[in-house]
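The next block holds one structure in the form of structure tokens; read it before the comments.
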Amino acid sequence: MAQSASGYDLSPLSDDAVAALAADLSPDERSVLLDHGTERAFCGTLLDNKTRGVYRCRLCELPLFSSSAKFDSGTGWPSFFEPFDPDHIRCIEDRSYGMVRIEVRCARCDSHQGHVFPDGPPPTGQRYCLNSVSLTFSAESEDQP
């Protein structure tokens with residue numbers, strides 16, 4: 001079992017496990033998570049969320065970002081300056097749409113989350129720009145899976 005520094009199982013999910021988890025996705029969730037799409041700016045349900053807690057992968061529930069790292073980037077997508085645990089995300093060069101970007105994926109299930117850009121605030125200077133449909137949110141007071 002591959003384990004992150006924060007104690008989570010990072011063993012890659014099998015194709016069958018991903019298919020089972022994807023069975024109840026909405027068409028929008030499927031488009032973003034599995035087909036690497038993007039939701040429209042300023043439409044995501046988590047954009048204006050100010051509650052303290054953890055943002056998790058919609059597909060496998062791995063914690064990806066904390067509310068303590070969330071900021072208003074003005075871009076129309078939930079933005080964070082650092083991940084919950086760097087081991088929980090994978091960054092991959094994305095050359096689609098005639099540009100070079102860095103795609104952010106969940107390290108466990110390989111689902112598309114968004115992109116990271118080098119124009120974020122201190123202390124990291126990073127802006128992880130994510131799709132709300134790629135995430136679920138667990139408030140700090142809720143039981144954590």
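Labeling convention for the structure tokens: chains A, B, ... as they appear, residues from 1 per chain, ligands from 1 in order of appearance.
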Exercise. With a distance cut-off of 9 Å and only C-alpha atoms, select the neighbouring residues of Asp110 of chain A, excluding the residue or stretch itself and same-chain residues fewer than 5 positions from it, and output the selection as a ChimeraX atom specification.
Key: /A:12-13,33-34,89-90,105
Keeping only all heavy atoms, write the selected residues to a file as a short mmCIF file (atom, residue, chain, number, x, y, z; two decimals), in the first residue's frame.
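Final output, saved to selection.cif:
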data_model
loop_
_atom_site.label_atom_id
_atom_site.label_comp_id
_atom_site.auth_asym_id
_atom_site.auth_seq_id
_atom_site.Cartn_x
_atom_site.Cartn_y
_atom_site.Cartn_z
N PRO A 12 -3.15 3.18 -6.37
CA PRO A 12 -3.99 3.48 -7.53
C PRO A 12 -5.21 2.58 -7.58
O PRO A 12 -5.13 1.38 -7.28
CB PRO A 12 -3.07 3.21 -8.72
CG PRO A 12 -1.69 3.30 -8.17
CD PRO A 12 -1.79 2.83 -6.74
N LEU A 13 -6.34 3.16 -7.96
CA LEU A 13 -7.57 2.37 -8.08
C LEU A 13 -7.56 1.62 -9.40
O LEU A 13 -7.08 2.11 -10.42
CB LEU A 13 -8.78 3.29 -8.02
CG LEU A 13 -8.96 4.11 -6.74
CD1 LEU A 13 -10.25 4.91 -6.82
CD2 LEU A 13 -8.96 3.22 -5.51
N LEU A 33 -14.36 15.16 -14.61
CA LEU A 33 -13.51 14.19 -13.92
C LEU A 33 -12.86 13.17 -14.85
O LEU A 33 -11.68 12.86 -14.70
CB LEU A 33 -14.30 13.45 -12.84
CG LEU A 33 -14.66 14.27 -11.61
CD1 LEU A 33 -15.81 13.63 -10.86
CD2 LEU A 33 -13.46 14.45 -10.71
N LEU A 34 -13.63 12.64 -15.78
CA LEU A 34 -13.13 11.54 -16.62
C LEU A 34 -12.67 11.99 -18.00
O LEU A 34 -11.77 11.38 -18.58
CB LEU A 34 -14.21 10.46 -16.76
CG LEU A 34 -14.72 9.87 -15.45
CD1 LEU A 34 -15.79 8.83 -15.72
CD2 LEU A 34 -13.59 9.29 -14.63
N ILE A 89 -1.91 14.92 -5.04
CA ILE A 89 -2.18 15.37 -6.40
C ILE A 89 -1.03 14.98 -7.32
O ILE A 89 0.10 14.76 -6.89
CB ILE A 89 -2.41 16.90 -6.48
CG1 ILE A 89 -1.17 17.66 -6.02
CG2 ILE A 89 -3.65 17.30 -5.70
CD1 ILE A 89 -1.24 19.14 -6.31
N ARG A 90 -1.37 14.87 -8.61
CA ARG A 90 -0.38 14.66 -9.66
C ARG A 90 -0.48 15.83 -10.61
O ARG A 90 -1.59 16.27 -10.95
CB ARG A 90 -0.66 13.38 -10.46
CG ARG A 90 -0.34 12.13 -9.74
CD ARG A 90 -0.47 10.85 -10.57
NE ARG A 90 -1.27 10.88 -11.76
CZ ARG A 90 -0.82 10.62 -13.00
NH1 ARG A 90 0.42 10.32 -13.20
NH2 ARG A 90 -1.64 10.63 -14.02
N ARG A 105 -4.38 16.38 -11.23
CA ARG A 105 -5.19 15.17 -11.12
C ARG A 105 -5.10 14.61 -9.71
O ARG A 105 -4.12 14.81 -9.01
CB ARG A 105 -4.70 14.10 -12.09
CG ARG A 105 -4.89 14.45 -13.54
CD ARG A 105 -4.50 13.29 -14.41
NE ARG A 105 -4.50 13.64 -15.82
CZ ARG A 105 -4.19 12.79 -16.77
NH1 ARG A 105 -3.86 11.53 -16.48
NH2 ARG A 105 -4.19 13.18 -18.03
#
Exercise. Identify, on the basis of only C-alpha atoms, every residue whose closest approach to Glu39 of chain A does not exceed 10 Å; exclude the query and any residue fewer than 2 positions from it along the same chain; express the result as JSON, numbers by chain.
Key: {"A": [28, 29, 31, 32, 37, 41, 42, 43, 44, 76, 77, 114, 130, 131, 132, 133, 134]}
Practice problem: Name the residues of segment 28-96 of chain A that come out as strand (DSSP E) in a backbone DSSP run; write them as a PyMOL selection string. | Solution: chain A and resi 53-57+63-66+70-71+79-80+89-94
Could you write out the selected residues, including N, CA and C atoms, as a CSV table (one decimal), in the first residue's frame?
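Dumped everything to again_22.csv:
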chain,number,residue,atom,x,y,z
A,53,GLY,N,-13.1,23.6,6.3
A,53,GLY,CA,-13.2,22.2,6.1
A,53,GLY,C,-12.2,21.7,5.0
A,54,VAL,N,-12.5,20.6,4.4
A,54,VAL,CA,-11.6,19.9,3.5
A,54,VAL,C,-12.4,19.7,2.2
A,55,TYR,N,-11.7,20.0,1.1
A,55,TYR,CA,-12.2,19.7,-0.3
A,55,TYR,C,-11.6,18.4,-0.7
A,56,ARG,N,-12.5,17.5,-1.1
A,56,ARG,CA,-12.1,16.1,-1.4
A,56,ARG,C,-12.4,15.8,-2.9
A,57,CYS,N,-11.7,14.8,-3.4
A,57,CYS,CA,-11.9,14.3,-4.8
A,57,CYS,C,-13.4,13.8,-4.9
A,63,PRO,N,-8.7,13.6,0.4
A,63,PRO,CA,-8.5,15.0,0.7
A,63,PRO,C,-7.5,15.7,-0.3
A,64,LEU,N,-8.0,16.7,-1.0
A,64,LEU,CA,-7.1,17.4,-1.9
A,64,LEU,C,-6.7,18.8,-1.5
A,65,PHE,N,-7.6,19.6,-0.9
A,65,PHE,CA,-7.3,20.9,-0.5
A,65,PHE,C,-8.0,21.3,0.8
A,66,SER,N,-7.4,22.2,1.6
A,66,SER,CA,-8.0,22.7,2.8
A,66,SER,C,-8.6,24.1,2.6
A,70,LYS,N,-7.6,28.3,0.7
A,70,LYS,CA,-8.5,28.8,-0.4
A,70,LYS,C,-8.4,30.3,-0.4
A,71,PHE,N,-8.5,30.9,-1.6
A,71,PHE,CA,-8.5,32.3,-1.8
A,71,PHE,C,-9.3,32.7,-3.0
A,79,SER,N,-10.1,28.4,-5.9
A,79,SER,CA,-8.6,28.5,-6.1
A,79,SER,C,-8.0,28.3,-4.7
A,80,PHE,N,-6.8,27.7,-4.7
A,80,PHE,CA,-6.1,27.3,-3.5
A,80,PHE,C,-4.6,27.6,-3.8
A,89,ILE,N,-1.9,14.9,-5.0
A,89,ILE,CA,-2.2,15.4,-6.4
A,89,ILE,C,-1.0,15.0,-7.3
A,90,ARG,N,-1.4,14.9,-8.6
A,90,ARG,CA,-0.4,14.7,-9.7
A,90,ARG,C,-0.5,15.8,-10.6
A,91,CYS,N,0.7,16.3,-11.0
A,91,CYS,CA,0.7,17.4,-12.0
A,91,CYS,C,1.3,16.9,-13.3
A,92,ILE,N,0.5,17.2,-14.4
A,92,ILE,CA,0.9,16.7,-15.7
A,92,ILE,C,0.9,17.8,-16.7
A,93,GLU,N,1.9,17.9,-17.6
A,93,GLU,CA,1.8,18.9,-18.6
A,93,GLU,C,0.7,18.7,-19.6
A,94,ASP,N,-0.1,19.7,-19.8
A,94,ASP,CA,-1.3,19.7,-20.7
A,94,ASP,C,-1.0,20.7,-21.9
Quiz item: If you run DSSP on the backbone, which residues of segment 23-87 of chain A are helix (DSSP H, G or I), as a list in words?
Solution: Pro27, Asp28, Glu29, Arg30, Ser31, Val32, Leu33, Ser67, Ser68, Ala69, Pro86 and Asp87 of chain A
Quiz item: Taking into account only C-alpha atoms, which residue in the set A:Ser111, A:Ser26, A:Ser14, A:Ser73 is nearest to Leu59 of chain A?
Solution: A:Ser111
